[in-house]
Amino acid sequence: MPGVLGVVTCDMIPGKNAVPLVMFDEPFLAKDYVRFHGEPVALVVAESYEQAAMAAPFVKVEVEPLKPILNIKEALDENAPKLHGTDNIFSRYNVEKGNAEEAIKKAAHVFEKEYTTPYQEHAYLETNGAIAVPGIEDSITVYGSMQCPFYVHDAVAAAAGIDKNKVRVVQTTTGGGFGGKEDFPSVVAGHATIVAKLFNRPAKLIYKREEDIISSSKRHPSLVKMKVGTDENGKIVAAIIEYYTDGGAYSTLTPIVLWRGTVHALGPYECDHIHIKSFGVATNKVPCGAYRGFGSPQTVFAAESLLDEIAEALNINPIEIRKLNCYKLGSRTATNQLIDQSCGLIETIEKAQEKSKWADKWVSPNAKTGNIRKGIGISLVYYGVGLGAGGKKLDRCGSSITIMRDGSVHCAVGNVEMGQGARTVLAQIAADALGADFSCVNVVETDTALVPDSGPTVASRTTFMSGNALMLAAKQLRPSLLTAAAELLGAASPDDVEIFEGKAYLKADKNGRSETFKDVCNKLYDERLMPSAFGWFKAPDSNYNQADGQGNTYFVYSYCTNIAEVEVDMDTGEYKVLKITSAHDMGKAINPQQVEGQIEGGTLQGMGYGTTEEIRHDAKGKMLNNAFSTYILPTFVDAPEIDPIIVEHAYDKGPYGAKGFGEVPLMGVAPAIVNAIHNATGKRIRSIPVKPEKILGLDE
């Protein structure tokens with residue numbers, strides 16, 4: 001066909017046909033088996049997109065249909081076909097603290113329920129795409145929309161069959177990732193690289209939205225079985241939890257996602273006797289990977305729903321049962337980690353309670369009448385910042401700072417900007433640490449040629465990790481800047497000088513003579529002092545015992561309280577989320593405006609998870625709603641009033657006390673809404689999203 005250069009199949013890949021993620025089980029192009037609808041089997045290469053699109057239907061793939069496995073229960077059936085190993089389980093974890101099985105026998109009350117959650121599509125602004133450019137001496141440079149350039153760096157080297165020192169990856173403007181651009185860009189960049197390598201020409205691959213949805217990773221669907229025992233007053237004394245996630249056809253990030261969800265499975269509640277078992281299960285559907293919250297929203301929904309059910313059964317106000325059980329300084333987590341600082345959970349409860357006027361609005365559902373009923377519900381969240389003990393080998397970050405003669409500052413970091421405001425916050429940190437004016441600092445797009453492998457941009461770690469790395473680099477440059485300033489000001493010693501917000505002055509006379517930061521930088525160059533420095537930060541230590549799950553799994557936690565208010569039509573089951581009050585302890589809000597923006601955006605995303613978003617498949621595993629016309633996202637029309645509240649309990653190892661919290665705003669919204677709907681109607685929903693049919697008790 002005109003313009004068509006060829007078709008690439010798996011046997012033509014110049015390097016390895018395995019995406020380098022955790023288990024290395026996913027091929028760049030299918031070989032022998034196609035494991036899910038949407039899996040790539042061949043690449044059509046043409047001079048233009050239009051020519052490639054015209055040629056693609058002429059590629060014939062011979063496939064022998066097999067019966068697919070489409071859910072967790074099917075996968076665990078002993079007679080099921082084996083997609084992975086001998087039991088269709090990618091990974092499993094065990095957390096044991098005390099003796100839950102014995103303790104629950106002695107509990108005054110025992111509550112046992114099951115909860116399920118759906119897929120969630122990331123719905124980032126632009127679809128996945130990459131451009132691979134072959135260079136001199138067998139090198140490859142890749143440009144793309146991504147949140148983990150160093151994952152892509154590994155994938156490009158693997159696909160091309162070249163050493164990593166011949167690979168450069170540059171992150172281009174990325175309109176949101178939410179986890180969806182953590183793992184899948186490695187596949188897309190791998191495809192572009194294979195073509196660029198084989199044809200020795202730049203290659204561009206941009207997915208259409210419908211292609212992106214059927215092929216890219218999603219939030220894991222889940223089944224959570226909760227069994228919790230309490231004393232007469234509602235204090236939790238024992239918990240037994242089973243957590244199952246549908247990992248899809250390949251493991252991608254399932255083992256890591258599962259681990260986080262496992263250690264957070266009971267929520268931020270004290271309990272001496274806990275047993276949590278978890279399983280990441282293989283099915284014949286789109287692989288699941290990272291999504292904002294990373295395995296925790298599923299268990300948050302279950303734990304927060306059950307706690308409300310316990311409160312109702314024991315005739316306790318939902319806020320009071322949470323205050324009774326929640327973490328405070330001195331509490332120990334499910335992994336027996338001591339909470340010894342930066343715990344503002346109680347304050348988030350109290351502030352959200354006050355701002356929402358909970359005491360005036362909460363009434364038992366049994367006391368409500370009428371066709372239009374209002375309800376109010378609550379959820380709590382805690383979230384381990386960073387990669388934790390399970391991923392601590394990746395929990396490092398590099399930065400470089402170069403001061404220019406004209407007083408401008410060039411910063412490079414290993415974590416990416418993807419719409420969360422990282423460049424602004426990191427520029428603030430660098431400016432303050434150097435004494436420069438904020439407007440002089442430029443944080444460039446992440447480039448693997450500028451900093452070493454700094455791990456992924458996930459787990460709410462950017463401010464904490466890159467911020468600390470920049471502060472370490474700035475600390476090395478400060479003595480040279482102060483030396484240059486002392487020369488300009490005629491000071492006896494650099495110790496007599498301060499540089500702050502773009503000005504250098506004598507400490508003894510702050511209002512006297514001063515020099516601009518630009519003049520100081522010019523002097524720095526005249527004196528031939530080093531204008532550049534590199535910062536390397538390792539996360540504080542964490543540990544984890546694989547056998548019983550005990551240890552200090554994260555170096556610090558962020559906390560949140562959500563209070564949702566709804567209005568429900570009892571005749572139709574239709575409802576509207578009216579308001580969400582969301583209080584967060586993130587240690588220190590370096591940029592309060594951006595913190596509030598994160599709360600507002602994450603809240604709406606969490607609302608979608610609980611109310612409208614789901615993916616359906618037919619009996620053969622084909623996705624039925626791979627477009628935004630049928631995958632229903634909340635819009636501004638649906639958006640409730642959102643009242644963000646900032647609570648600051650500083651963490652002593654964070655930049656200016658900051659922890660990290662970017663994922664937290666989404667995590668507890670769904671259960672808060674479900675609990676509010678129950679408060680309005682008396683109807684308990686244990687499977688999201690909540691549809692009117694579920695409220696009315698009708699089969700869908």
# chains A, B, ... in the order shown; residues from 1 in each chain; ligands from 1
call {"tool": "select_by_dssp", "arguments": {"residues": "segment 187-388 of chain A", "states": "helix (DSSP H, G or I)", "output": "PyMOL selection string"}}
result
chain A and resi 187-199+209-215+254-263+296-313+318-325+345-356+358-361+365-367
call {"tool": "residues_around", "arguments": {"residues": "Ile321 of chain A", "least_positions_apart": "5", "cutoff": "9 Å", "atoms": "only C-alpha atoms", "output": "ChimeraX atom specification"}}
result
/A:233-235,307-308,310-311,316,326
call {"tool": "closest_atom_pairs", "arguments": {"of": "segment 262-316 of chain A", "to": "segment 448-464 of chain A", "cutoff": "9 Å", "atoms": "only C-alpha atoms", "output": "CSV"}}
result
residue,atom,partner,partner_atom,distance
A:Ala290,CA,A:Val458,CA,8.5
A:Arg292,CA,A:Ala459,CA,8.1
A:Gly293,CA,A:Ala459,CA,7.7
A:Phe294,CA,A:Ala459,CA,7.6
call {"tool": "atom_distance", "arguments": {"atom1": "atom CA of Glu270 of chain A", "atom2": "atom CA of Ala303 of chain A"}}
result
12.8 Å
call {"tool": "select_by_dssp", "arguments": {"residues": "segment 537-688 of chain A", "states": "strand (DSSP E)", "output": "PyMOL selection string"}}
result
chain A and resi 537-538+557-569+575-585+641-647
call {"tool": "closest_residue", "arguments": {"among": "A:Pro255, A:Pro68, A:Pro57, A:Gly129", "to": "Ala189 of chain A", "atoms": "only C-alpha atoms"}}
result
A:Gly129
call {"tool": "closest_residue", "arguments": {"among": "A:Ala302, A:Val8, A:Ile131, A:Ile645", "to": "Glu114 of chain A", "atoms": "only C-alpha atoms"}}
result
A:Ala302
call {"tool": "residues_around", "arguments": {"residues": "segment 597-607 of chain A", "least_positions_apart": "3", "cutoff": "10 Å", "atoms": "only C-alpha atoms", "output": "MDAnalysis selection string"}}
result
chainID A and resid 120 122:123 178 292:293 297 419:421 562 564 577 580:584 592:594 610:613 633:636 638:646 661:673 689
call {"tool": "write_last_selection", "arguments": {"atoms": "N, CA and C atoms", "output": "compact mmCIF listing (two decimals), in the first residue's frame"}}
result
# COMPACT_ATOMS: atom_id res chain seq x y z
N GLN A 120 -11.29 1.79 37.37
CA GLN A 120 -11.40 3.23 37.15
C GLN A 120 -10.39 3.64 36.09
N HIS A 122 -8.18 6.43 34.04
CA HIS A 122 -7.47 7.62 34.50
C HIS A 122 -7.98 8.91 33.87
N ALA A 123 -8.38 8.85 32.61
CA ALA A 123 -8.96 10.02 31.94
C ALA A 123 -8.04 11.23 31.96
N PHE A 178 -2.04 10.50 37.10
CA PHE A 178 -2.86 9.79 38.10
C PHE A 178 -2.47 8.33 38.25
N ARG A 292 -4.11 6.78 41.35
CA ARG A 292 -4.07 7.66 42.52
C ARG A 292 -4.68 6.98 43.76
N GLY A 293 -3.84 6.74 44.75
CA GLY A 293 -4.24 5.99 45.94
C GLY A 293 -3.60 4.63 46.01
N PRO A 297 -7.67 2.98 47.95
CA PRO A 297 -9.09 3.35 47.91
C PRO A 297 -10.04 2.16 48.02
N GLY A 419 0.99 18.35 36.07
CA GLY A 419 -0.22 19.10 36.36
C GLY A 419 -0.47 19.31 37.83
N GLN A 420 0.34 18.69 38.70
CA GLN A 420 0.12 18.80 40.14
C GLN A 420 0.77 20.03 40.75
N GLY A 421 1.52 20.80 39.93
CA GLY A 421 2.15 22.01 40.43
C GLY A 421 3.54 21.80 40.98
N ASN A 562 -12.95 13.24 55.38
CA ASN A 562 -13.93 13.71 54.40
C ASN A 562 -15.33 13.63 55.00
N ALA A 564 -19.19 14.13 53.53
CA ALA A 564 -20.00 14.32 52.33
C ALA A 564 -21.45 14.57 52.70
N VAL A 577 -24.64 14.90 45.01
CA VAL A 577 -23.67 15.21 46.06
C VAL A 577 -23.65 16.73 46.20
N ILE A 580 -18.75 18.55 49.91
CA ILE A 580 -17.75 17.70 50.56
C ILE A 580 -16.77 18.60 51.30
N THR A 581 -16.65 18.35 52.57
CA THR A 581 -15.68 19.04 53.41
C THR A 581 -14.49 18.11 53.57
N SER A 582 -13.31 18.59 53.23
CA SER A 582 -12.14 17.72 53.18
C SER A 582 -10.97 18.36 53.92
N ALA A 583 -10.60 17.78 55.04
CA ALA A 583 -9.53 18.32 55.89
C ALA A 583 -8.31 17.42 55.81
N HIS A 584 -7.13 18.02 55.56
CA HIS A 584 -5.93 17.24 55.30
C HIS A 584 -4.75 17.72 56.14
N PRO A 592 -0.22 26.89 49.65
CA PRO A 592 -1.60 26.59 50.06
C PRO A 592 -2.60 26.62 48.91
N GLN A 593 -2.40 27.51 47.96
CA GLN A 593 -3.34 27.57 46.83
C GLN A 593 -3.32 26.26 46.04
N GLN A 594 -2.13 25.75 45.79
CA GLN A 594 -2.04 24.49 45.06
C GLN A 594 -2.53 23.31 45.89
N GLY A 610 -16.91 6.75 43.11
CA GLY A 610 -18.01 6.25 43.92
C GLY A 610 -19.37 6.31 43.28
N THR A 611 -19.52 7.16 42.23
CA THR A 611 -20.87 7.43 41.75
C THR A 611 -21.16 7.04 40.30
N THR A 612 -20.18 7.17 39.38
CA THR A 612 -20.52 6.96 37.97
C THR A 612 -19.57 6.06 37.19
N GLU A 613 -18.33 5.94 37.61
CA GLU A 613 -17.32 5.33 36.76
C GLU A 613 -17.25 3.80 36.92
N LEU A 633 -17.88 10.23 33.27
CA LEU A 633 -17.07 11.01 34.22
C LEU A 633 -17.91 12.14 34.80
N PRO A 634 -17.70 12.48 36.06
CA PRO A 634 -18.36 13.67 36.59
C PRO A 634 -17.79 14.93 35.93
N THR A 635 -18.63 15.92 35.73
CA THR A 635 -18.21 17.18 35.12
C THR A 635 -18.44 18.32 36.10
N PHE A 636 -18.18 19.53 35.64
CA PHE A 636 -18.44 20.69 36.49
C PHE A 636 -19.90 20.79 36.89
N ASP A 638 -21.75 18.37 37.72
CA ASP A 638 -21.97 17.43 38.83
C ASP A 638 -21.20 17.82 40.08
N ALA A 639 -20.24 18.74 39.94
CA ALA A 639 -19.32 19.03 41.04
C ALA A 639 -20.06 19.62 42.23
N PRO A 640 -19.81 19.09 43.41
CA PRO A 640 -20.41 19.65 44.62
C PRO A 640 -19.62 20.87 45.10
N GLU A 641 -20.13 21.54 46.07
CA GLU A 641 -19.32 22.53 46.78
C GLU A 641 -18.22 21.77 47.52
N ILE A 642 -17.00 22.22 47.39
CA ILE A 642 -15.87 21.56 48.05
C ILE A 642 -15.22 22.55 49.00
N ASP A 643 -15.12 22.17 50.27
CA ASP A 643 -14.54 23.04 51.30
C ASP A 643 -13.22 22.43 51.76
N PRO A 644 -12.08 22.88 51.21
CA PRO A 644 -10.78 22.32 51.60
C PRO A 644 -10.27 22.94 52.90
N ILE A 645 -9.72 22.10 53.75
CA ILE A 645 -9.17 22.56 55.04
C ILE A 645 -7.74 22.06 55.17
N ILE A 646 -6.83 22.95 55.48
CA ILE A 646 -5.42 22.60 55.63
C ILE A 646 -5.09 22.47 57.12
N PHE A 661 0.94 14.56 49.87
CA PHE A 661 -0.48 14.25 50.04
C PHE A 661 -1.26 14.20 48.73
N GLY A 662 -0.58 14.27 47.58
CA GLY A 662 -1.27 14.39 46.31
C GLY A 662 -2.31 13.32 46.03
N GLU A 663 -2.11 12.11 46.54
CA GLU A 663 -3.06 11.03 46.28
C GLU A 663 -4.24 11.01 47.25
N VAL A 664 -4.03 11.58 48.42
CA VAL A 664 -5.00 11.43 49.52
C VAL A 664 -6.37 12.03 49.21
N PRO A 665 -6.48 13.17 48.51
CA PRO A 665 -7.82 13.76 48.32
C PRO A 665 -8.83 12.85 47.66
N LEU A 666 -8.39 11.92 46.83
CA LEU A 666 -9.32 11.00 46.16
C LEU A 666 -9.80 9.88 47.08
N MET A 667 -8.96 9.43 47.97
CA MET A 667 -9.07 8.08 48.53
C MET A 667 -10.32 7.80 49.35
N GLY A 668 -10.78 8.75 50.12
CA GLY A 668 -11.89 8.48 51.02
C GLY A 668 -13.22 9.09 50.61
N VAL A 669 -13.28 9.63 49.41
CA VAL A 669 -14.51 10.32 48.99
C VAL A 669 -15.65 9.34 48.77
N ALA A 670 -15.37 8.22 48.08
CA ALA A 670 -16.44 7.26 47.77
C ALA A 670 -17.14 6.75 49.04
N PRO A 671 -16.42 6.29 50.06
CA PRO A 671 -17.14 5.82 51.25
C PRO A 671 -17.88 6.92 51.99
N ALA A 672 -17.35 8.15 51.96
CA ALA A 672 -18.06 9.25 52.62
C ALA A 672 -19.41 9.47 51.93
N ILE A 673 -19.42 9.41 50.59
CA ILE A 673 -20.67 9.57 49.85
C ILE A 673 -21.62 8.40 50.12
N PRO A 689 -19.79 1.62 41.55
CA PRO A 689 -20.42 2.92 41.82
C PRO A 689 -21.88 2.78 42.26
call {"tool": "residues_around", "arguments": {"residues": "Gly229 of chain A", "least_positions_apart": "2", "cutoff": "9 Å", "atoms": "only C-alpha atoms", "output": "MDAnalysis selection string"}}
result
chainID A and resid 103:112 227 231 234:240
call {"tool": "write_last_selection", "arguments": {"atoms": "C-alpha atoms", "output": "CSV table (one decimal), in the first residue's frame"}}
result
chain,number,residue,atom,x,y,z
A,103,ALA,CA,-9.3,-12.4,69.9
A,104,ILE,CA,-12.4,-12.2,67.7
A,105,LYS,CA,-13.9,-15.2,69.5
A,106,LYS,CA,-13.9,-13.1,72.7
A,107,ALA,CA,-15.2,-9.9,71.1
A,108,ALA,CA,-18.6,-8.6,72.4
A,109,HIS,CA,-19.7,-8.0,68.8
A,110,VAL,CA,-18.6,-9.4,65.5
A,111,PHE,CA,-19.4,-7.8,62.1
A,112,GLU,CA,-18.7,-9.6,58.8
A,227,LYS,CA,-14.6,-9.4,59.8
A,231,ASP,CA,-16.0,-4.5,72.7
A,234,GLY,CA,-17.3,0.0,69.9
A,235,LYS,CA,-13.5,-0.2,70.4
A,236,ILE,CA,-12.0,-2.5,67.8
A,237,VAL,CA,-10.4,-5.6,69.4
A,238,ALA,CA,-9.8,-7.8,66.4
A,239,ALA,CA,-9.9,-7.7,62.6
A,240,ILE,CA,-9.6,-10.4,59.9
call {"tool": "residues_around", "arguments": {"residues": "Tyr631 of chain A", "least_positions_apart": "6", "cutoff": "7 Å", "atoms": "only C-alpha atoms", "output": "MDAnalysis selection string"}}
result
chainID A and resid 613:615 625
call {"tool": "write_last_selection", "arguments": {"atoms": "N, CA and C atoms", "output": "PDB file, in the first residue's frame"}}
result
ATOM      1  N   GLU A 613     -18.329   5.937  37.614  1.00  0.00           N
ATOM      2  CA  GLU A 613     -17.316   5.326  36.757  1.00  0.00           C
ATOM      3  C   GLU A 613     -17.254   3.801  36.923  1.00  0.00           C
ATOM      4  N   GLU A 614     -17.308   3.110  35.801  1.00  0.00           N
ATOM      5  CA  GLU A 614     -17.121   1.661  35.777  1.00  0.00           C
ATOM      6  C   GLU A 614     -16.861   1.228  34.340  1.00  0.00           C
ATOM      7  N   ILE A 615     -16.241   0.080  34.193  1.00  0.00           N
ATOM      8  CA  ILE A 615     -15.970  -0.494  32.871  1.00  0.00           C
ATOM      9  C   ILE A 615     -16.688  -1.827  32.774  1.00  0.00           C
ATOM     10  N   ASN A 625     -17.313  -0.153  26.881  1.00  0.00           N
ATOM     11  CA  ASN A 625     -17.474   1.307  26.997  1.00  0.00           C
ATOM     12  C   ASN A 625     -16.113   2.009  27.029  1.00  0.00           C
TER      13      ASN A 625
END
call {"tool": "residues_around", "arguments": {"residues": "Leu329 of chain A", "least_positions_apart": "6", "cutoff": "10 Å", "atoms": "only C-alpha atoms", "output": "PyMOL selection string"}}
result
chain A and resi 338-346
call {"tool": "residues_around", "arguments": {"residues": "Val286 of chain A", "least_positions_apart": "3", "cutoff": "8 Å", "atoms": "only C-alpha atoms", "output": "list of chain:residue names"}}
result
A:Phe36, A:His37, A:Gly38, A:Glu39, A:Ile214, A:Ser215, A:Ser216, A:Ser217, A:Lys218, A:Gly248, A:Ala249
call {"tool": "write_last_selection", "arguments": {"atoms": "C-alpha atoms", "output": "tab-separated table (two decimals), in the first residue's frame"}}
result
chain	number	residue	atom	x	y	z
A	36	PHE	CA	-6.71	-9.66	26.66
A	37	HIS	CA	-8.75	-7.68	24.19
A	38	GLY	CA	-6.58	-4.66	23.37
A	39	GLU	CA	-3.22	-6.39	23.61
A	214	ILE	CA	-8.76	-0.67	26.00
A	215	SER	CA	-4.96	-1.02	26.27
A	216	SER	CA	-3.70	1.08	29.17
A	217	SER	CA	-3.68	0.03	32.81
A	218	LYS	CA	-6.56	0.79	35.19
A	248	GLY	CA	-5.74	-8.40	34.60
A	249	ALA	CA	-3.66	-10.31	32.06
call {"tool": "closest_residue", "arguments": {"among": "A:Lys620, A:Met570, A:Tyr115, A:Val44", "to": "Thr369 of chain A", "atoms": "only C-alpha atoms"}}
result
A:Met570
call {"tool": "atom_distance", "arguments": {"atom1": "atom CA of Lys31 of chain A", "atom2": "atom CA of Thr9 of chain A"}}
result
8.7 Å
call {"tool": "atom_distance", "arguments": {"atom1": "atom CA of Gly85 of chain A", "atom2": "atom CA of Ala159 of chain A"}}
result
25.0 Å
call {"tool": "decode", "arguments": {"residues": "segment 549-636 of chain A", "atoms": "C-alpha atoms", "output": "PDB file, in the first residue's frame"}}
result
ATOM      1  CA  GLY A 549       4.083  -8.069  57.670  1.00  0.00           C
ATOM      2  CA  GLN A 550       5.422  -6.361  60.775  1.00  0.00           C
ATOM      3  CA  GLY A 551       7.737  -3.362  60.634  1.00  0.00           C
ATOM      4  CA  ASN A 552       8.009   0.371  60.014  1.00  0.00           C
ATOM      5  CA  THR A 553       6.480   0.201  56.563  1.00  0.00           C
ATOM      6  CA  TYR A 554       6.527   3.957  55.784  1.00  0.00           C
ATOM      7  CA  PHE A 555       8.606   6.777  57.191  1.00  0.00           C
ATOM      8  CA  VAL A 556       5.586   9.033  57.773  1.00  0.00           C
ATOM      9  CA  TYR A 557       1.841   9.197  57.087  1.00  0.00           C
ATOM     10  CA  SER A 558      -0.569  11.840  55.834  1.00  0.00           C
ATOM     11  CA  TYR A 559      -4.129  12.014  57.132  1.00  0.00           C
ATOM     12  CA  CYS A 560      -7.546  13.156  55.969  1.00  0.00           C
ATOM     13  CA  THR A 561     -11.173  13.457  57.027  1.00  0.00           C
ATOM     14  CA  ASN A 562     -13.933  13.706  54.399  1.00  0.00           C
ATOM     15  CA  ILE A 563     -17.516  14.662  55.180  1.00  0.00           C
ATOM     16  CA  ALA A 564     -19.998  14.323  52.330  1.00  0.00           C
ATOM     17  CA  GLU A 565     -23.518  15.702  52.101  1.00  0.00           C
ATOM     18  CA  VAL A 566     -26.084  14.339  49.647  1.00  0.00           C
ATOM     19  CA  GLU A 567     -29.712  14.732  48.618  1.00  0.00           C
ATOM     20  CA  VAL A 568     -31.662  11.655  47.455  1.00  0.00           C
ATOM     21  CA  ASP A 569     -34.990  11.299  45.635  1.00  0.00           C
ATOM     22  CA  MET A 570     -36.588   8.291  47.291  1.00  0.00           C
ATOM     23  CA  ASP A 571     -38.950   7.692  44.359  1.00  0.00           C
ATOM     24  CA  THR A 572     -36.338   7.490  41.597  1.00  0.00           C
ATOM     25  CA  GLY A 573     -33.133   6.723  43.500  1.00  0.00           C
ATOM     26  CA  GLU A 574     -31.476   9.729  41.879  1.00  0.00           C
ATOM     27  CA  TYR A 575     -29.140  11.665  44.116  1.00  0.00           C
ATOM     28  CA  LYS A 576     -26.864  14.664  44.107  1.00  0.00           C
ATOM     29  CA  VAL A 577     -23.674  15.214  46.064  1.00  0.00           C
ATOM     30  CA  LEU A 578     -24.167  18.671  47.565  1.00  0.00           C
ATOM     31  CA  LYS A 579     -20.975  19.336  49.476  1.00  0.00           C
ATOM     32  CA  ILE A 580     -17.748  17.699  50.561  1.00  0.00           C
ATOM     33  CA  THR A 581     -15.684  19.039  53.413  1.00  0.00           C
ATOM     34  CA  SER A 582     -12.142  17.716  53.180  1.00  0.00           C
ATOM     35  CA  ALA A 583      -9.532  18.322  55.886  1.00  0.00           C
ATOM     36  CA  HIS A 584      -5.926  17.240  55.304  1.00  0.00           C
ATOM     37  CA  ASP A 585      -2.758  17.004  57.360  1.00  0.00           C
ATOM     38  CA  MET A 586       0.104  17.196  54.850  1.00  0.00           C
ATOM     39  CA  GLY A 587       2.756  18.369  57.308  1.00  0.00           C
ATOM     40  CA  LYS A 588       3.301  21.794  55.775  1.00  0.00           C
ATOM     41  CA  ALA A 589       1.470  23.430  52.879  1.00  0.00           C
ATOM     42  CA  ILE A 590       4.328  24.977  50.934  1.00  0.00           C
ATOM     43  CA  ASN A 591       1.863  26.440  48.434  1.00  0.00           C
ATOM     44  CA  PRO A 592      -1.598  26.590  50.056  1.00  0.00           C
ATOM     45  CA  GLN A 593      -3.335  27.569  46.830  1.00  0.00           C
ATOM     46  CA  GLN A 594      -2.039  24.486  45.059  1.00  0.00           C
ATOM     47  CA  VAL A 595      -2.876  22.320  48.057  1.00  0.00           C
ATOM     48  CA  GLU A 596      -6.475  23.457  47.843  1.00  0.00           C
ATOM     49  CA  GLY A 597      -6.441  22.787  44.099  1.00  0.00           C
ATOM     50  CA  GLN A 598      -5.248  19.238  44.723  1.00  0.00           C
ATOM     51  CA  ILE A 599      -8.023  18.717  47.269  1.00  0.00           C
ATOM     52  CA  GLU A 600     -10.655  19.977  44.843  1.00  0.00           C
ATOM     53  CA  GLY A 601      -9.426  17.923  41.872  1.00  0.00           C
ATOM     54  CA  GLY A 602      -8.894  14.741  43.863  1.00  0.00           C
ATOM     55  CA  THR A 603     -12.300  15.087  45.496  1.00  0.00           C
ATOM     56  CA  LEU A 604     -14.066  15.203  42.137  1.00  0.00           C
ATOM     57  CA  GLN A 605     -12.042  12.210  40.930  1.00  0.00           C
ATOM     58  CA  GLY A 606     -12.999  10.286  44.072  1.00  0.00           C
ATOM     59  CA  MET A 607     -16.607  11.252  43.559  1.00  0.00           C
ATOM     60  CA  GLY A 608     -16.500   9.726  40.066  1.00  0.00           C
ATOM     61  CA  TYR A 609     -15.087   6.509  41.523  1.00  0.00           C
ATOM     62  CA  GLY A 610     -18.006   6.246  43.923  1.00  0.00           C
ATOM     63  CA  THR A 611     -20.872   7.430  41.745  1.00  0.00           C
ATOM     64  CA  THR A 612     -20.523   6.964  37.969  1.00  0.00           C
ATOM     65  CA  GLU A 613     -17.316   5.326  36.757  1.00  0.00           C
ATOM     66  CA  GLU A 614     -17.121   1.661  35.777  1.00  0.00           C
ATOM     67  CA  ILE A 615     -15.970  -0.494  32.871  1.00  0.00           C
ATOM     68  CA  ARG A 616     -18.110  -3.264  31.421  1.00  0.00           C
ATOM     69  CA  HIS A 617     -17.041  -6.317  29.395  1.00  0.00           C
ATOM     70  CA  ASP A 618     -18.976  -8.791  27.307  1.00  0.00           C
ATOM     71  CA  ALA A 619     -18.819 -12.567  27.780  1.00  0.00           C
ATOM     72  CA  LYS A 620     -15.658 -12.769  25.647  1.00  0.00           C
ATOM     73  CA  GLY A 621     -13.799 -10.103  27.610  1.00  0.00           C
ATOM     74  CA  LYS A 622     -14.247  -7.286  25.108  1.00  0.00           C
ATOM     75  CA  MET A 623     -14.545  -3.873  26.729  1.00  0.00           C
ATOM     76  CA  LEU A 624     -17.934  -2.324  25.993  1.00  0.00           C
ATOM     77  CA  ASN A 625     -17.474   1.307  26.997  1.00  0.00           C
ATOM     78  CA  ASN A 626     -14.042   2.433  25.845  1.00  0.00           C
ATOM     79  CA  ALA A 627     -15.057   6.039  25.082  1.00  0.00           C
ATOM     80  CA  PHE A 628     -16.034   9.054  27.142  1.00  0.00           C
ATOM     81  CA  SER A 629     -19.526   8.902  25.658  1.00  0.00           C
ATOM     82  CA  THR A 630     -20.137   5.653  27.540  1.00  0.00           C
ATOM     83  CA  TYR A 631     -17.561   5.809  30.346  1.00  0.00           C
ATOM     84  CA  ILE A 632     -19.255   8.419  32.496  1.00  0.00           C
ATOM     85  CA  LEU A 633     -17.074  11.008  34.217  1.00  0.00           C
ATOM     86  CA  PRO A 634     -18.365  13.674  36.586  1.00  0.00           C
ATOM     87  CA  THR A 635     -18.211  17.176  35.117  1.00  0.00           C
ATOM     88  CA  PHE A 636     -18.435  20.694  36.493  1.00  0.00           C
TER      89      PHE A 636
END
